[in-house]
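Here is the structure we will look at.
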Amino acid sequence: MFRRGLTDYGISRAPAPGPGPGSGPGAERPKPWTVSQLTRHIKDCIDKNFGSVWVEGEISNARTFTSGHCYFTLKDDSAQLPAVLWRDTAARLRFSPADGQKVLAQGRLTVYEARGCYQLVVERLEPLGIGALAAAFEQLKQKLAAAGLFEAARKKPLPRFPRRIGIVTSPTGAALQDMLKIIFSRWPADVVLAGVRVQGDGAAAEIALALARLNGLPEADRPDVLILGRGGGSLEDLWAFNEEPVAHAIAASRIPVISAVGHEVDFTISDFVADVRAATPTHAAEMVVPNLEEIKAQLGTLQAALPAVLLQRLESARQRLAGLAQSYALKRPEERIAGLRQRLDDLFARLAPAGQRRLAVARDRLGGLTEKLEALSPLKVLERGYSLTTRARDGKLVLSRFDVAPGEDLRTRVRDGVIVSKVAGTV
């Protein structure tokens with residue numbers, strides 16, 4: 001069986017030693033193989049006799065080099081098989097090979113002559129127990145979460161009354177028409193469309209580029225908010241929104257982004273990175289703009305309540321003015337009144353025109369009050385030739401001769417200054 005096995009692979013074998021013609025010490029030996037010849041011959045035999053094979057095993061010692069090639073070992077409980085993923089094949093994988101993963105590999109068995117070992121050149125690699133797309137989704141989700149792209153602190157709020165809305169989606173999809181119908185029926189906003197492919201090779205790059213270009217528009221043309229979305233589909237159909245370039249483009253956007261991909265049960269990486277996630281594209285359209293009719297109704301309610309509010313504020317202002325005037329009648333009223341005038345002007349500017357007439361009346365009343373207060377001002381009295389005398393030791397006003405004693409220091413306030421004197425006696 002052993003001889004037949006070797007013959008099947010084209011490897012000749014020298015006759016077994018033993019008695020017979022040409023078997024003595026002087027018999028001619030067969031020409032030996034060189035290491036390269038034997039290795040190359042084995043390689044040719046394996047290449048010719050082994051086509052595509054499928055191998056199941058666990059990945060260990062996975063290494064990806066700067067060249068893009070990935071090397072690893074497939075193993076089970078009792079054997080190991082070196083394997084290699086060339087750069088082009090590795091770039092097409094939806095997930096990254098990692099130690100401990102159970103996989104199903106398909107490829108060509110060959111010999112690496114420089115080391116004299118056989119290896120599997122992998123052409124297809126699939127995780128066992130979970131699909132390649134699902135594995136890629138989880139890997140990227142963990143990576144971006146660790147990088148902080150899902151943090152709530154970096155989320156931007158949506159504008160309440162957007163003037164311009166950017167939409168990144170397929171220009172021919174039903175999702176676009178649904179969104180436009182809702183937006184235009186609710187709010188008078190402009191819409192800027194960035195038409196892109198939403199599935200297939202190259203879709204992710206188009207989406208990322210569209211987000212960057214909308215952010216790069218001049219400020220006058222730049223949207224206030226962006227909707228990134230498409231209608232429902234399978235995990236593979238939605239995969240463009242699970243690509244890392246799209247995730248980083250959303251994170252880099254200075255404009256708030258709403259992710260509206262698929263149906264309510266669908267979740268993509270863009271949903272986690274975006275500032276807001278909408279269950280569907282139509283939901284995003286309802287979120288992005290208010291309802292104009294509801295705003296009008298609210299304004300009507302406020303307008304009806306405005307006169308009562310004005311009356312309440314005016315009465316409160318009147319009471320405050322009366323209290324302040326009474327409290328500060330003898331403490332430089334001209335300065336206090338100037339402050340009251342300024343506060344009244346500020347209040348006048350904030351109130352609606354409907355209350356301005358009432359404020360004008362209040363201002364006239366304030367003018368009359370000002371004149372009365374100024375007439376009562378001690379400074380005005382002094383200007384008419386009167387003076388005020390106080391005791392130097394406690395500042396108490398001297399109203400009677402019994403308020404002072406001989407030798408006591410006094411301070412007399414006149415129109416243009418203070419006179420300091422000493423009591424010689426009282427009469």
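Residues in the structure tokens are named by chain (A, B, ... in the order shown) and by number from 1 within that chain; ligands are numbered from 1 in the order shown.
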
Which of stretch 174-276 of chain A counts as strand (DSSP E) under DSSP, as a PyMOL selection string please? chain A and resi 190-195+225-230+257-261+276

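The residue set within 10 Å of A:Gly116, counting only C-alpha atoms and dropping same-chain residues fewer than 5 places from it, reads Val35, Ser36, Leu38, Thr39, Arg40, Ile42, Lys43 and Val111 of chain A.
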
Okay, now the selection with C-alpha atoms, as a PDB file, in the first residue's frame?
```pdb
ATOM      1  CA  VAL A  35      16.071  19.387  -1.411  1.00  0.00           C
ATOM      2  CA  SER A  36      14.677  21.870  -3.932  1.00  0.00           C
ATOM      3  CA  LEU A  38      12.092  16.974  -3.949  1.00  0.00           C
ATOM      4  CA  THR A  39      10.169  19.923  -2.499  1.00  0.00           C
ATOM      5  CA  ARG A  40       9.171  21.140  -5.938  1.00  0.00           C
ATOM      6  CA  ILE A  42       5.957  17.306  -3.847  1.00  0.00           C
ATOM      7  CA  LYS A  43       4.457  20.726  -4.589  1.00  0.00           C
ATOM      8  CA  VAL A 111       3.622  23.927  -0.695  1.00  0.00           C
TER       9      VAL A 111
END
```

DSSP helix (DSSP H, G or I) selection over stretch 111-189 of chain A, as a PyMOL selection string: chain A and resi 132-146+152-154+174-186

Would you kindly return, as a list in words, each protein, DNA or RNA residue with an atom no farther than 12 Å from any atom of stretch 394-396 of chain A, considering only C-alpha atoms and excluding same-chain residues fewer than 3 positions away? Leu388, Thr389, Thr390, Arg391, Leu399, Ser400, Asp403, Val404, Glu408, Asp409, Leu410, Arg411, Thr412 and Arg413 of chain A

For the residues selected in the previous step, produce a file with C-alpha atoms as a PDB file, in the first residue's frame.
```
ATOM      1  CA  LEU A 388     -28.937 120.431  58.074  1.00  0.00           C
ATOM      2  CA  THR A 389     -26.903 119.999  61.284  1.00  0.00           C
ATOM      3  CA  THR A 390     -25.855 116.630  62.681  1.00  0.00           C
ATOM      4  CA  ARG A 391     -23.795 115.513  65.667  1.00  0.00           C
ATOM      5  CA  LEU A 399     -33.625 119.096  65.856  1.00  0.00           C
ATOM      6  CA  SER A 400     -33.519 120.741  69.305  1.00  0.00           C
ATOM      7  CA  ASP A 403     -29.852 117.358  71.394  1.00  0.00           C
ATOM      8  CA  VAL A 404     -26.373 118.862  71.965  1.00  0.00           C
ATOM      9  CA  GLU A 408     -19.715 118.876  71.271  1.00  0.00           C
ATOM     10  CA  ASP A 409     -18.593 118.786  67.614  1.00  0.00           C
ATOM     11  CA  LEU A 410     -21.204 119.441  64.948  1.00  0.00           C
ATOM     12  CA  ARG A 411     -21.373 119.116  61.135  1.00  0.00           C
ATOM     13  CA  THR A 412     -23.649 121.507  59.242  1.00  0.00           C
ATOM     14  CA  ARG A 413     -24.596 120.668  55.634  1.00  0.00           C
TER      15      ARG A 413
END
```

One number please: atom CA of A:Asn215 to atom CA of A:Ala252, in Å, one decimal. 9.2 Å

So the first atom is atom CA of A:Arg365 and the second is atom CA of A:Gln303; what is the distance between them in Å, to one decimal place? 27.7 Å

To one decimal in Å, tell me the separation between atom CA of A:Gln199 and atom CA of A:Val246.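 Atom CA of A:Val246 lies at a distance of 12.5 Å from atom CA of A:Gln199.
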
Would you kindly return, as a compact mmCIF listing (two decimals) with C-alpha atoms, in the first residue's frame, each protein, DNA or RNA residue with an atom no farther than 6 Å from any atom of stretch 82-98 of chain A, considering only C-alpha atoms and excluding same-chain residues fewer than 4 positions away?
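Resulting contents of result-v1.txt:
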```txt
# COMPACT_ATOMS: atom_id res chain seq x y z
CA ALA A 62 -3.43 35.44 13.22
CA GLY A 68 -2.12 43.49 3.61
CA HIS A 69 -1.48 39.73 3.60
CA CYS A 70 -2.88 37.79 6.56
CA TYR A 71 -1.27 34.64 7.94
CA PHE A 72 -2.78 32.29 10.52
CA THR A 73 -3.01 28.66 11.57
CA GLN A 119 -0.27 25.51 3.51
CA LEU A 120 -3.79 26.47 2.54
CA VAL A 121 -4.17 29.52 0.30
CA VAL A 122 -7.58 30.69 1.51
CA ALA A 132 -19.77 36.89 8.15
CA LEU A 133 -21.87 40.08 8.04
CA ALA A 136 -18.29 42.12 10.93
```
